[in-house]
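Trainee: Below is the structure I would like to discuss, written out as structure tokens.
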Amino acid sequence: KMKIKVLDKGYIEVVDKLGDDLTVVNSARVSFGKRKEVWDEKDAKLVRYLAKNKHFSPFRHLQIQLNIKAPEFVMRQLFRHVVGIEATSNYPTKDTPWNEISGRYVPVEDFYIPDVWRKQSEDNKQASAGVLDDLQQRRMASCYDEYMRQVEMTYDRMIEAGMAKEQARIVLPLSQYTEVYWTASFQSIMNFIDLRDEK
């Protein structure tokens with residue numbers, strides 16, 4: 001299994017997979033009634049051709065199951081791609097399974113704490129540009145720490161009072177960590193990386 005650390009408390013782990021490089025080329029060559037058992041340079045060339053020319057259906061035969069732990073504000077961006085992946089049908093069950101940990105059953109304990117506080121870009125609303133100066137770094141860290149103490153204290157008080165967890169969680173910020181299982185075709189993963197790998 002492959003597991004990569006993400007941010008301060010998160011990770012992405014490959015839990016399972018279905019298929020390999022030959023799956024892609026055999027899926028592409030089935031239209032010619034061909035099938036191979038051993039990978040060679042011709043196969044590598046075919047995969048490059050398929051990707052370059054956007055012949056993506058053979059990549060859908062590779063499936064990857066991921067276990068991801070990330071802050072809620074990050075997971076929302078990921079989920080936007082999950083719900084948009086299968087657009088050819090109006091049937092409510094799409095082809096990309098997504099299951100998430102529930103705050104109704106598991107208490108929320110982990111929150112994202114940035115290593116550094118970044119400045120807002122002046123010419124790009126979607127990006128940061130540089131970091132705040134040392135004084136502002138300390139001020140924002142102190143401000144965030146105080147806010148998180150208040151959030152956790154309020155949440156704990158609500159739970160201790162017997163309030164339903166589904167209601168108590170309304171005070172929790174987008175910095176809370178969540179955990180999901182996501183199973184997707186390799187084409188979906190490639191599309192996600194292509195769209196989100198911009199500076």
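The chains in the structure tokens are called A, B, ... from first to last as shown; in each chain the residues are counted from 1, and the ligands are counted from 1 in the order shown.
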Please provide the set of residues having any atom within 9 Å of A:Ala184, restricted to only C-alpha atoms, with same-chain residues fewer than 4 positions apart removed, written as a ChimeraX atom specification.
Mentor: /A:60,62-66,82,95-98,188-189
Trainee: Okay, now the selection with all heavy atoms, as a compact mmCIF listing (two decimals), in the first residue's frame?
Mentor:
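Full text of result.txt as output:
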# COMPACT_ATOMS: atom_id res chain seq x y z
N ARG A 60 -10.69 4.04 -18.17
CA ARG A 60 -11.79 3.83 -17.22
C ARG A 60 -11.81 2.41 -16.66
O ARG A 60 -12.47 2.15 -15.68
CB ARG A 60 -13.13 4.14 -17.89
CG ARG A 60 -13.30 5.60 -18.22
CD ARG A 60 -14.68 5.88 -18.80
NE ARG A 60 -14.67 7.20 -19.42
CZ ARG A 60 -15.14 7.47 -20.62
NH1 ARG A 60 -15.70 6.52 -21.36
NH2 ARG A 60 -15.08 8.69 -21.11
N LEU A 62 -9.26 0.90 -15.41
CA LEU A 62 -8.44 0.88 -14.19
C LEU A 62 -9.22 1.54 -13.08
O LEU A 62 -9.74 2.65 -13.25
CB LEU A 62 -7.15 1.68 -14.40
CG LEU A 62 -6.11 1.12 -15.36
CD1 LEU A 62 -4.98 2.13 -15.52
CD2 LEU A 62 -5.56 -0.18 -14.84
N GLN A 63 -9.32 0.89 -11.95
CA GLN A 63 -10.04 1.46 -10.80
C GLN A 63 -9.08 1.59 -9.62
O GLN A 63 -8.24 0.71 -9.40
CB GLN A 63 -11.21 0.55 -10.39
CG GLN A 63 -12.27 0.41 -11.45
CD GLN A 63 -13.11 1.66 -11.59
OE1 GLN A 63 -13.61 2.19 -10.61
NE2 GLN A 63 -13.26 2.14 -12.81
N ILE A 64 -9.21 2.68 -8.89
CA ILE A 64 -8.36 2.92 -7.73
C ILE A 64 -9.25 3.27 -6.54
O ILE A 64 -10.17 4.09 -6.67
CB ILE A 64 -7.37 4.09 -7.99
CG1 ILE A 64 -6.51 3.79 -9.21
CG2 ILE A 64 -6.51 4.34 -6.75
CD1 ILE A 64 -5.72 4.98 -9.70
N GLN A 65 -8.99 2.64 -5.40
CA GLN A 65 -9.71 2.98 -4.17
C GLN A 65 -8.74 3.72 -3.25
O GLN A 65 -7.67 3.22 -2.91
CB GLN A 65 -10.24 1.74 -3.46
CG GLN A 65 -11.06 2.08 -2.24
CD GLN A 65 -11.55 0.84 -1.52
OE1 GLN A 65 -10.76 0.00 -1.14
NE2 GLN A 65 -12.86 0.74 -1.36
N LEU A 66 -9.14 4.93 -2.87
CA LEU A 66 -8.31 5.78 -2.01
C LEU A 66 -8.98 6.00 -0.67
O LEU A 66 -10.21 6.10 -0.59
CB LEU A 66 -8.09 7.15 -2.67
CG LEU A 66 -7.45 7.14 -4.05
CD1 LEU A 66 -7.52 8.53 -4.68
CD2 LEU A 66 -6.02 6.67 -3.97
N VAL A 82 -15.72 14.78 -7.97
CA VAL A 82 -16.36 13.47 -7.89
C VAL A 82 -17.77 13.55 -8.45
O VAL A 82 -18.15 12.74 -9.29
CB VAL A 82 -16.39 12.96 -6.43
CG1 VAL A 82 -17.25 11.72 -6.31
CG2 VAL A 82 -14.98 12.69 -5.95
N ASP A 95 -21.13 6.59 -11.10
CA ASP A 95 -20.15 5.51 -11.14
C ASP A 95 -18.95 5.72 -10.21
O ASP A 95 -17.98 5.00 -10.29
CB ASP A 95 -19.65 5.30 -12.58
CG ASP A 95 -18.81 6.47 -13.08
OD1 ASP A 95 -18.80 7.53 -12.42
OD2 ASP A 95 -18.17 6.32 -14.13
N THR A 96 -19.00 6.69 -9.34
CA THR A 96 -17.87 6.98 -8.49
C THR A 96 -18.28 6.95 -7.03
O THR A 96 -18.83 7.91 -6.51
CB THR A 96 -17.28 8.36 -8.84
OG1 THR A 96 -16.97 8.37 -10.23
CG2 THR A 96 -16.02 8.63 -8.07
N PRO A 97 -18.02 5.84 -6.33
CA PRO A 97 -18.42 5.73 -4.93
C PRO A 97 -17.63 6.70 -4.04
O PRO A 97 -16.43 6.90 -4.22
CB PRO A 97 -18.09 4.29 -4.57
CG PRO A 97 -17.94 3.57 -5.86
CD PRO A 97 -17.48 4.59 -6.85
N TRP A 98 -18.32 7.27 -3.08
CA TRP A 98 -17.75 8.23 -2.12
C TRP A 98 -18.45 8.00 -0.79
O TRP A 98 -19.67 8.16 -0.69
CB TRP A 98 -18.02 9.65 -2.63
CG TRP A 98 -17.57 10.75 -1.74
CD1 TRP A 98 -18.25 11.26 -0.67
CD2 TRP A 98 -16.37 11.52 -1.84
NE1 TRP A 98 -17.55 12.30 -0.12
CE2 TRP A 98 -16.39 12.48 -0.82
CE3 TRP A 98 -15.29 11.49 -2.71
CZ2 TRP A 98 -15.37 13.40 -0.63
CZ3 TRP A 98 -14.28 12.41 -2.52
CH2 TRP A 98 -14.32 13.35 -1.50
N SER A 188 -10.79 9.35 -14.24
CA SER A 188 -11.31 10.37 -13.32
C SER A 188 -10.17 10.99 -12.51
O SER A 188 -10.13 12.20 -12.31
CB SER A 188 -12.32 9.74 -12.35
OG SER A 188 -13.40 9.23 -13.06
N ILE A 189 -9.25 10.14 -12.04
CA ILE A 189 -8.12 10.63 -11.26
C ILE A 189 -7.24 11.53 -12.13
O ILE A 189 -6.80 12.60 -11.70
CB ILE A 189 -7.28 9.46 -10.70
CG1 ILE A 189 -8.14 8.56 -9.81
CG2 ILE A 189 -6.05 9.97 -9.96
CD1 ILE A 189 -8.58 9.15 -8.51
Trainee: Provide the atom CA of A:Gln187 to atom CA of A:Glu72 distance in Å, to one decimal place.
Mentor: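 It comes out at 24.3 Å.
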Trainee: Give me, please, the distance in Å between atom CA of A:Arg196 and atom CA of A:Val171, quoted to one decimal.
Mentor: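 Taking atom CA of A:Arg196 as the start and atom CA of A:Val171 as the end point, the length is 29.1 Å.
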Trainee: How many Å separate atom CA of A:Leu172 from atom CA of A:Gln150?
Mentor: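 So the answer is 10.3 Å.
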Trainee: DSSP on the backbone, strand (DSSP E or B) only: what residues of stretch 100-130 of chain A does that give? Format it as a ChimeraX atom specification.
Mentor: /A:100,111,118-120,128-130
Trainee: Take the residues from that selection and write them out as a compact mmCIF listing (two decimals), in the first residue's frame, keeping all heavy atoms.
Mentor:
# COMPACT_ATOMS: atom_id res chain seq x y z
N GLU A 100 -18.07 8.93 3.47
CA GLU A 100 -17.36 9.84 4.36
C GLU A 100 -17.66 9.52 5.82
O GLU A 100 -18.76 9.09 6.17
CB GLU A 100 -17.79 11.28 4.06
CG GLU A 100 -17.01 12.32 4.81
CD GLU A 100 -17.24 13.73 4.25
OE1 GLU A 100 -17.96 13.87 3.24
OE2 GLU A 100 -16.68 14.68 4.82
N PHE A 111 -8.12 19.22 13.69
CA PHE A 111 -8.31 20.45 12.94
C PHE A 111 -6.99 20.84 12.29
O PHE A 111 -5.92 20.66 12.87
CB PHE A 111 -8.79 21.58 13.87
CG PHE A 111 -10.11 21.29 14.51
CD1 PHE A 111 -10.18 20.65 15.73
CD2 PHE A 111 -11.30 21.64 13.87
CE1 PHE A 111 -11.39 20.38 16.32
CE2 PHE A 111 -12.52 21.36 14.46
CZ PHE A 111 -12.57 20.73 15.69
N ARG A 118 -0.53 32.80 4.55
CA ARG A 118 -0.18 33.39 3.26
C ARG A 118 -0.98 34.67 2.98
O ARG A 118 -2.08 34.85 3.49
CB ARG A 118 -0.42 32.37 2.15
CG ARG A 118 0.42 31.12 2.31
CD ARG A 118 0.36 30.22 1.09
NE ARG A 118 -0.97 29.87 0.66
CZ ARG A 118 -1.59 28.73 0.97
NH1 ARG A 118 -1.00 27.84 1.73
NH2 ARG A 118 -2.79 28.48 0.53
N LYS A 119 -0.44 35.51 2.11
CA LYS A 119 -1.11 36.72 1.65
C LYS A 119 -2.06 36.39 0.50
O LYS A 119 -1.78 35.48 -0.30
CB LYS A 119 -0.10 37.74 1.12
CG LYS A 119 0.76 38.41 2.14
CD LYS A 119 1.63 39.42 1.39
CE LYS A 119 2.61 40.09 2.29
NZ LYS A 119 3.46 41.02 1.52
N GLN A 120 -3.12 37.16 0.39
CA GLN A 120 -4.01 37.06 -0.76
C GLN A 120 -3.33 37.68 -1.98
O GLN A 120 -2.74 38.75 -1.88
CB GLN A 120 -5.33 37.80 -0.49
CG GLN A 120 -6.29 37.84 -1.66
CD GLN A 120 -6.75 36.46 -2.10
OE1 GLN A 120 -7.10 35.62 -1.28
NE2 GLN A 120 -6.73 36.21 -3.40
N SER A 128 -2.95 32.60 -3.54
CA SER A 128 -2.17 33.38 -2.59
C SER A 128 -0.89 33.83 -3.28
O SER A 128 -0.54 33.33 -4.35
CB SER A 128 -1.85 32.54 -1.35
OG SER A 128 -1.16 31.37 -1.71
N ALA A 129 -0.21 34.80 -2.65
CA ALA A 129 1.05 35.30 -3.21
C ALA A 129 1.96 35.69 -2.07
O ALA A 129 1.81 36.76 -1.48
CB ALA A 129 0.79 36.48 -4.13
N GLY A 130 2.87 34.82 -1.71
CA GLY A 130 3.79 35.12 -0.62
C GLY A 130 3.15 34.87 0.74
O GLY A 130 2.06 34.30 0.84
Trainee: When you look at A:Ala51 with a cut-off of 12 Å (counting only C-alpha atoms), what residues show up, excluding the ones that are within fewer than 6 positions of it in the same chain? I need them as a list of chain:residue names.
Mentor: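 So the residues in contact are A:Val24, A:Val25, A:Ala28, A:Ala44, A:Lys45, A:Ser57, A:Pro58, A:Phe59, A:Arg60, A:Phe186, A:Gln187, A:Met190, A:Asn191, A:Asp194.
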Trainee: Considering only C-alpha atoms, can you say which of A:Val151, A:Lys125, A:Ser185, A:Met75 comes closest to A:Asp20?
Mentor: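 The answer is A:Ser185, which sits nearest to A:Asp20.
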Trainee: Contacts of A:Val131 at 12 Å or less, counting only C-alpha atoms, minus same-chain residues fewer than 5 places along, as a PyMOL selection string?
Mentor: chain A and resi 114-121+136-137+140
Trainee: With a distance cut-off of 8 Å and only C-alpha atoms, select the neighbouring residues of stretch 156-165 of chain A, excluding the residue or stretch itself and same-chain residues fewer than 3 positions from it, and output the selection as a list in words.
Mentor: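 After dropping sequence-adjacent residues, the list is Gly103, Arg104, Tyr105, Glu152, Met153, Ala168 and Arg169 of chain A.
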